[in-house]
Structures are given as structure tokens and as C-alpha cells.
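J.: The file below is query-v1.txt, compact mmCIF, C-alpha atoms and all ligand atoms:
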```txt
# COMPACT_ATOMS: atom_id res chain seq x y z
CA MET A 1 -16.38 -1.74 -2.88
CA ILE A 2 -13.27 -3.89 -2.45
CA SER A 3 -10.32 -2.22 -4.19
CA VAL A 4 -6.73 -3.29 -4.58
CA PHE A 5 -4.11 -0.50 -4.77
CA LEU A 6 -1.25 -1.96 -6.78
CA GLY A 7 2.06 -0.32 -7.66
CA PRO A 8 5.75 -0.11 -6.87
CA PRO A 9 7.11 1.17 -3.55
CA GLY A 10 6.74 4.94 -3.37
CA SER A 11 4.13 5.18 -6.12
CA GLY A 12 1.68 6.84 -3.70
CA LYS A 13 -0.63 3.96 -2.76
CA GLY A 14 -0.58 4.82 0.94
CA THR A 15 -1.00 8.57 0.38
CA GLN A 16 -4.06 8.05 -1.80
CA ALA A 17 -5.57 5.23 0.27
CA LYS A 18 -5.32 7.30 3.48
CA LYS A 19 -6.96 10.30 1.80
CA PHE A 20 -9.77 8.25 0.28
CA SER A 21 -10.31 6.44 3.57
CA ALA A 22 -10.49 9.70 5.55
CA GLU A 23 -12.88 11.29 3.06
CA LYS A 24 -15.18 8.35 2.33
CA GLY A 25 -14.92 6.35 5.56
CA VAL A 26 -13.75 3.22 3.73
CA PRO A 27 -11.13 1.33 5.81
CA GLN A 28 -7.57 1.23 4.44
CA LEU A 29 -5.99 -2.18 5.02
CA SER A 30 -2.23 -1.80 4.64
CA THR A 31 -0.23 -4.97 5.27
CA GLY A 32 2.92 -2.81 5.56
CA ASP A 33 1.33 -0.77 8.38
CA MET A 34 0.07 -3.94 10.09
CA LEU A 35 3.53 -5.49 9.99
CA ARG A 36 5.18 -2.29 11.30
CA GLN A 37 2.65 -2.22 14.18
CA ALA A 38 3.60 -5.83 15.01
CA ILE A 39 7.28 -4.82 14.99
CA SER A 40 6.61 -1.85 17.32
CA ALA A 41 4.60 -4.10 19.64
CA GLY A 42 7.52 -6.55 19.75
CA THR A 43 5.35 -9.59 18.91
CA ALA A 44 6.82 -12.85 17.57
CA LEU A 45 5.20 -12.09 14.20
CA GLY A 46 6.80 -8.63 14.22
CA ARG A 47 10.27 -10.01 15.03
CA SER A 48 10.04 -12.53 12.22
CA ALA A 49 8.64 -9.94 9.72
CA GLN A 50 11.39 -7.44 10.54
CA GLU A 51 14.03 -9.83 9.29
CA PHE A 52 12.41 -9.82 5.80
CA MET A 53 11.40 -6.14 5.71
CA SER A 54 14.79 -4.75 6.72
CA ARG A 55 16.37 -6.33 3.64
CA GLY A 56 13.51 -5.40 1.29
CA ALA A 57 12.18 -8.94 0.86
CA LEU A 58 8.53 -9.96 1.02
CA VAL A 59 7.19 -11.45 4.24
CA PRO A 60 5.95 -15.05 3.63
CA ASP A 61 2.55 -15.31 1.98
CA GLU A 62 0.90 -17.27 4.80
CA VAL A 63 1.74 -14.52 7.32
CA VAL A 64 0.16 -11.66 5.35
CA ILE A 65 -2.80 -13.77 4.20
CA GLY A 66 -3.48 -14.54 7.89
CA LEU A 67 -3.37 -10.82 8.74
CA ILE A 68 -5.82 -9.96 5.93
CA ARG A 69 -8.16 -12.83 6.81
CA GLU A 70 -8.38 -11.61 10.40
CA ARG A 71 -8.72 -7.92 9.50
CA THR A 72 -11.41 -8.36 6.83
CA GLN A 73 -13.61 -10.20 9.31
CA ARG A 74 -14.00 -7.10 11.50
CA PRO A 75 -17.34 -5.28 11.34
CA ASP A 76 -15.96 -2.08 9.77
CA CYS A 77 -15.07 -4.04 6.61
CA GLN A 78 -18.64 -5.05 5.85
CA GLY A 79 -19.24 -2.05 3.56
CA GLY A 80 -15.98 -2.63 1.66
CA PHE A 81 -12.30 -1.71 2.04
CA ILE A 82 -9.14 -0.67 0.23
CA LEU A 83 -6.26 -3.14 0.13
CA ASP A 84 -3.02 -1.12 0.14
CA GLY A 85 0.02 -3.27 -0.65
CA PHE A 86 -1.88 -6.58 -0.67
CA PRO A 87 -1.89 -8.84 -2.65
CA ARG A 88 1.75 -8.77 -3.72
CA THR A 89 2.15 -12.24 -5.21
CA ILE A 90 -0.08 -14.50 -7.33
CA PRO A 91 -0.60 -16.91 -4.36
CA GLN A 92 -1.77 -13.92 -2.26
CA ALA A 93 -4.20 -12.85 -5.02
CA THR A 94 -5.69 -16.33 -5.33
CA ALA A 95 -5.95 -16.63 -1.53
CA LEU A 96 -7.76 -13.27 -1.50
CA ASP A 97 -10.24 -14.47 -4.13
CA ALA A 98 -10.83 -17.63 -2.08
CA LEU A 99 -11.41 -15.82 1.19
CA LEU A 100 -13.74 -13.30 -0.46
CA SER A 101 -15.71 -16.05 -2.19
CA GLU A 102 -16.36 -17.61 1.25
CA ILE A 103 -18.42 -14.49 1.99
CA SER A 104 -19.83 -14.20 -1.56
CA ARG A 105 -17.76 -11.15 -2.42
CA GLU A 106 -15.06 -10.27 -4.92
CA VAL A 107 -12.51 -7.61 -5.80
CA SER A 108 -14.26 -4.78 -7.65
CA ALA A 109 -11.24 -2.84 -8.95
CA ALA A 110 -7.45 -2.96 -9.05
CA ILE A 111 -5.99 0.54 -9.30
CA LEU A 112 -2.52 0.41 -10.84
CA PHE A 113 -0.20 3.28 -9.83
CA GLU A 114 1.99 3.70 -12.92
CA ILE A 115 5.31 5.54 -12.57
CA GLN A 116 8.92 5.14 -13.69
CA ASP A 117 11.37 3.62 -11.18
CA SER A 118 13.66 6.64 -11.64
CA ALA A 119 11.16 8.86 -9.75
CA LEU A 120 10.78 6.52 -6.81
CA VAL A 121 14.16 6.63 -5.07
CA ALA A 122 13.85 10.39 -4.46
CA ARG A 123 10.28 9.97 -3.23
CA LEU A 124 11.23 7.28 -0.74
CA THR A 125 14.48 8.73 0.61
CA GLY A 126 12.57 11.99 1.30
CA ARG A 127 9.57 10.36 2.97
CA ARG A 128 8.93 11.03 6.66
CA THR A 129 6.13 9.42 8.69
CA CYS A 130 4.56 10.44 11.98
CA VAL A 131 5.18 7.81 14.68
CA THR A 132 1.95 8.79 16.44
CA CYS A 133 -0.75 9.19 13.75
CA GLY A 134 0.91 7.76 10.61
CA ALA A 135 0.56 10.99 8.58
CA MET A 136 3.00 11.10 5.68
CA TYR A 137 5.26 13.89 4.45
CA HIS A 138 8.02 14.43 1.93
CA LEU A 139 10.99 16.68 2.72
CA LEU A 140 10.68 18.45 -0.66
CA SER A 141 7.17 17.95 -2.07
CA MET A 142 5.09 17.83 1.14
CA PRO A 143 7.25 19.22 3.98
CA PRO A 144 5.84 19.62 7.51
CA ARG A 145 5.48 23.20 8.78
CA LYS A 146 8.08 22.52 11.51
CA THR A 147 11.03 20.22 10.77
CA GLY A 148 10.60 16.78 12.33
CA VAL A 149 7.15 17.53 13.77
CA CYS A 150 3.75 16.32 12.49
CA ASP A 151 1.39 19.16 11.45
CA GLN A 152 -1.64 17.11 12.45
CA CYS A 153 -0.78 15.81 15.93
CA GLY A 154 2.63 17.20 16.90
CA GLY A 155 4.16 13.68 16.84
CA GLU A 156 7.76 12.93 15.88
CA LEU A 157 8.49 12.37 12.18
CA ILE A 158 10.79 9.46 11.40
CA GLN A 159 12.38 7.84 8.36
CA ARG A 160 11.41 4.20 7.75
CA ASP A 161 14.25 1.66 8.17
CA ASP A 162 13.61 0.29 4.66
CA ASP A 163 13.80 3.73 3.00
CA ARG A 164 17.59 3.52 2.60
CA GLU A 165 18.72 3.62 -1.02
CA ASP A 166 20.18 0.08 -1.09
CA VAL A 167 16.98 -1.42 0.39
CA ILE A 168 14.77 0.70 -1.90
CA ARG A 169 16.55 -0.75 -4.95
CA LYS A 170 15.98 -4.28 -3.59
CA ARG A 171 12.26 -3.52 -3.00
CA LEU A 172 11.92 -2.27 -6.58
CA ALA A 173 13.54 -5.46 -7.92
CA VAL A 174 11.21 -7.56 -5.76
CA TYR A 175 8.23 -5.58 -7.08
CA HIS A 176 9.15 -6.27 -10.71
CA GLN A 177 9.83 -9.97 -10.06
CA GLN A 178 7.04 -10.95 -7.69
CA THR A 179 4.30 -8.30 -7.76
CA ALA A 180 4.23 -7.02 -11.36
CA PRO A 181 2.66 -10.33 -12.60
CA LEU A 182 -0.49 -9.19 -10.78
CA VAL A 183 -0.95 -6.48 -13.42
CA GLU A 184 -1.75 -9.19 -15.98
CA PHE A 185 -3.72 -11.18 -13.39
CA TYR A 186 -6.16 -8.29 -12.89
CA ARG A 187 -6.08 -7.13 -16.52
CA GLN A 188 -7.25 -10.57 -17.67
CA ARG A 189 -10.16 -10.32 -15.24
CA GLY A 190 -11.14 -6.89 -16.62
CA MET A 191 -10.49 -5.21 -13.27
CA LEU A 192 -7.36 -3.19 -13.97
CA SER A 193 -7.59 0.63 -13.88
CA PRO A 194 -4.24 2.40 -14.41
CA VAL A 195 -3.63 5.91 -13.03
CA ASP A 196 -0.73 8.27 -13.78
CA ALA A 197 1.04 8.20 -10.41
CA SER A 198 3.69 10.70 -11.54
CA ALA A 199 1.17 13.56 -11.44
CA SER A 200 0.64 15.81 -8.40
CA PRO A 201 -1.02 14.17 -5.36
CA ASP A 202 -4.25 16.11 -6.01
CA ALA A 203 -4.34 15.12 -9.68
CA VAL A 204 -3.72 11.46 -8.78
CA TYR A 205 -6.50 11.64 -6.20
CA ARG A 206 -8.99 12.97 -8.76
CA GLU A 207 -8.10 10.11 -11.11
CA VAL A 208 -8.35 7.49 -8.36
CA LYS A 209 -11.75 8.78 -7.31
CA SER A 210 -13.07 8.79 -10.85
CA LYS A 211 -11.83 5.22 -11.44
CA LEU A 212 -13.37 3.99 -8.20
CA ALA A 213 -16.68 5.69 -8.94
CA VAL A 214 -16.86 4.06 -12.38
CA ASP A 215 -15.57 0.70 -11.21
CA THR A 216 -18.00 0.40 -8.33
CA GLN A 217 -21.13 1.17 -10.32
CA PRO A 218 -23.36 -1.88 -10.71
P1 LIG A 301 4.68 -1.27 2.40
O1 LIG A 301 4.61 -0.50 3.63
O2 LIG A 301 3.43 -1.75 1.76
O3 LIG A 301 5.59 -0.47 1.39
P2 LIG A 301 5.56 -0.34 -0.21
O4 LIG A 301 4.60 -1.13 -0.99
O5 LIG A 301 6.99 -0.59 -0.52
O6 LIG A 301 5.01 1.03 -0.45
P3 LIG A 301 5.42 2.30 0.25
O7 LIG A 301 4.67 2.46 1.54
O8 LIG A 301 6.91 2.41 0.34
O9 LIG A 301 4.95 3.37 -0.85
P4 LIG A 301 3.53 3.90 -1.27
O10 LIG A 301 3.22 3.44 -2.65
O11 LIG A 301 2.50 3.63 -0.22
O12 LIG A 301 3.87 5.45 -1.37
P5 LIG A 301 3.55 6.61 -0.33
O13 LIG A 301 2.13 7.02 -0.48
O14 LIG A 301 4.05 6.25 1.04
O15 LIG A 301 5.57 -2.57 2.63
C1 LIG A 301 6.79 -2.52 3.33
C2 LIG A 301 7.35 -3.94 3.47
O16 LIG A 301 6.42 -4.77 4.21
C3 LIG A 301 7.57 -4.69 2.15
O17 LIG A 301 8.83 -4.39 1.58
C4 LIG A 301 7.47 -6.15 2.64
O18 LIG A 301 8.66 -6.55 3.28
C5 LIG A 301 6.37 -6.09 3.68
N1 LIG A 301 5.04 -6.33 3.10
C6 LIG A 301 4.01 -5.44 3.08
N2 LIG A 301 2.93 -6.00 2.47
C7 LIG A 301 3.30 -7.25 2.10
C8 LIG A 301 2.64 -8.31 1.41
N3 LIG A 301 1.38 -8.18 0.98
N4 LIG A 301 3.33 -9.45 1.20
C9 LIG A 301 4.59 -9.61 1.66
N5 LIG A 301 5.29 -8.65 2.31
C10 LIG A 301 4.64 -7.47 2.53
O19 LIG A 301 4.44 7.80 -0.92
C11 LIG A 301 5.88 7.75 -0.86
C12 LIG A 301 6.45 9.17 -0.72
O20 LIG A 301 6.13 9.90 -1.90
C13 LIG A 301 5.85 9.97 0.45
O21 LIG A 301 6.85 10.79 1.00
C14 LIG A 301 4.77 10.84 -0.20
O22 LIG A 301 4.60 12.06 0.50
C15 LIG A 301 5.35 11.08 -1.60
N6 LIG A 301 4.31 11.16 -2.64
C16 LIG A 301 3.18 10.41 -2.73
N7 LIG A 301 2.46 10.74 -3.82
C17 LIG A 301 3.18 11.71 -4.45
C18 LIG A 301 2.95 12.45 -5.67
N8 LIG A 301 1.89 12.26 -6.44
N9 LIG A 301 3.90 13.37 -6.02
C19 LIG A 301 5.02 13.57 -5.24
N10 LIG A 301 5.26 12.91 -4.07
C20 LIG A 301 4.35 11.98 -3.69
```
Starting from the file, give its structure as C-alpha cells.
T.:
Amino acid sequence: MISVFLGPPGSGKGTQAKKFSAEKGVPQLSTGDMLRQAISAGTALGRSAQEFMSRGALVPDEVVIGLIRERTQRPDCQGGFILDGFPRTIPQATALDALLSEISREVSAAILFEIQDSALVARLTGRRTCVTCGAMYHLLSMPPRKTGVCDQCGGELIQRDDDREDVIRKRLAVYHQQTAPLVEFYRQRGMLSPVDASASPDAVYREVKSKLAVDTQP
């Protein structure tokens, strides 16, 4: 199973991919997480990516394609993986097809997280993430038991730099301009499976699981 989770910022791709990955043991490959790790590690790639991410722009295609090429070659990806936030442009999608065809594989499903933009600003300004284990919370809909502290590992909860309202609006505009064309790209290939991302996290998860089960049957 090789699935693409596609949708605007804040639509719940990461929440659902992490849950599916933990339950089914399928690796979640998030280019956003990979880039943030590079920033934390202070690498040259991280310094260059930060300049794009802090203003809500996409990191250049060749950088993220290189990250995915390297990550998909690791042994844990042999049984399949979820791509969370990749591809985000048509050149990334065609590069993905090319690198999968080198190993005689292909994308099996593209799950589209459908939700109105108006719901996303509140979701993103309220998001908090654990610096230690990456667990995600929302101040209103999924608050931690103790303010600022991760329920799972006791780590510190922080707000992402790009979750400021002005940057969120830029990220949404970038999504509609550069990433939304992928909806048609995957629809034309018969791979697109929309889910109602405005429902509760549990309801979205049930829909994602049912789509993946159907889409991965031979
Ligand atoms: P990335 O980290 O991928 O961010 P994103 O796509 O903008 O998505 P988010 O992580 O913001 O949202 P999500 O859909 O995962 O929602 P989440 O589950 O967290 O990318 C960041 C940046 O990196 C990009 O702007 C770009 O610069 C760069 N980048 C990354 N990949 C790239 C690529 N391929 N090419 C070029 N550049 C790239 O949920 C959000 C909040 O909502 C949480 O608080 C959560 O608790 C809450 N929530 C989730 N589901 C629900 C629900 N059903 N109901 C209520 N609340 C919910």
C-alpha cells in the first residue's frame, strides 16, 4: 500500500496518518516533519528550508524529492507507506511516479481531506505539538490534560512558527495555487478517494480506514 494524503494545511492529514501508522505499522513519511527535523538539527538543508517555511512558501521540489527518494529506500518502506504532505506540486507527483516505477511500484490511493478554508485557521492557531514525541493536540478540541505538557511523554508542547494567522493564510493560498491541481491529477488516474475532513477525528479515521481497505484490495 502506497497512499498519498492530500489536503490543505490543517485538514488533519498528520493526525490521521500518525494514527493509522501507529495502529497498522505502516510508516508515515511527512516531508513537513523531515524538514522540521533538519531545521532542529541545524543542517544546511534545514537552514535553507526554514527561509521558505517561515513565510508559508513551498520548499523547492528537488529538495523534497531528494528527501522522499532517500526515505523510501529504507527497509521499513518495503511493505508500503503513507505520504503525508507529499507530493504538493505536479512535478513532485511525476517525480514520485518515476521513482516508484524504478522499483515496479505505484501509488495505490490518494486520500483527499475535504474541508472549507474557514475551518482551518482556528484548527491551526490552536494546534500544539510535542517537541519530544511529535504528538499533536488542539487547545479546544483535543487539549492535553496538563497545559503545555504532552500526555504521552511529558514533553513540552509548542506552537509551530508557521501557525501564525498571516502565514496560515499564505499557506492556504499556496495550497490552492500549487497543490490543488493534484486533485485532478489523481482523479484522472482513478485513484482519488475524498473523505469529509470536517467530521470528528474518529469519524474521519473510520472513513480513511474504509477507503484504504477498499483501495488496497487487489
Ligand atoms: P506540513 O508540515 O506538511 O504542513 P501542512 O501540509 O501545512 O499541514 P499541517 O501539518 O499544517 O496540517 P495537517 O493537515 O497535517 O493537520 P493536522 O493533523 O496537524 O508542511 C509545512 C511546510 O513545510 C509547508 O508549508 C512547506 O513550506 C514545507 N513542505 C512540506 N512538505 C512539502 C513539499 N512536499 N513540498 C514543498 N514544501 C513542503 O491537524 C491540525 C490541527 O487540527 C491539530 O491541532 C489537530 O489536533 C486538529 N484536528 C485534526 N483533525 C481534526 C478534526 N477532525 N476535528 C477537529 N480538529 C482536528
J.: Find the residue from A:Thr31, A:Ser210, A:Gln16, A:Ser193 that sits nearest to Gln92 of chain A; use all atoms listed in the file when measuring.
T.: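 Among the listed residues, the smallest separation from Gln92 of chain A belongs to A:Thr31.
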J.: Could you state the separation of atom CA of Val63 of chain A and atom CA of Asp161 of chain A in Å, given to one decimal place?
T.: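 About the pair atom CA of Val63 of chain A and atom CA of Asp161 of chain A: they are 20.5 Å apart.
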J.: Would you mind telling me which residue in A:Met142, A:Leu29, A:Ala49, A:Val59 lies nearest to Gly80 of chain A when using all atoms listed in the file?
T.: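 The answer is A:Leu29, which sits nearest to Gly80 of chain A.
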J.: Considering only C-alpha atoms and all ligand atoms, can you say which of A:Arg189, A:Arg160, A:Arg36, A:Arg123 comes closest to ligand LIG 301 (chain A)?
T.: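 Under the stated criterion, the closest residue is A:Arg123.
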J.: Grab me every residue within 7 Å of ligand LIG 301 (chain A), counting only C-alpha atoms and all ligand atoms, and send it over as number ranges by chain.
T.: A: 7-16, 30-33, 35, 52-53, 56-61, 64, 84-88, 123-124, 126-128, 136-138, 141-142, 171, 197-201, 204
J.: Between A:Ile168, A:Val149, A:Leu45, A:Ala180, single out the one closest to Leu120 of chain A, counting only C-alpha atoms.
T.: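 The answer is A:Ile168, which sits nearest to Leu120 of chain A.
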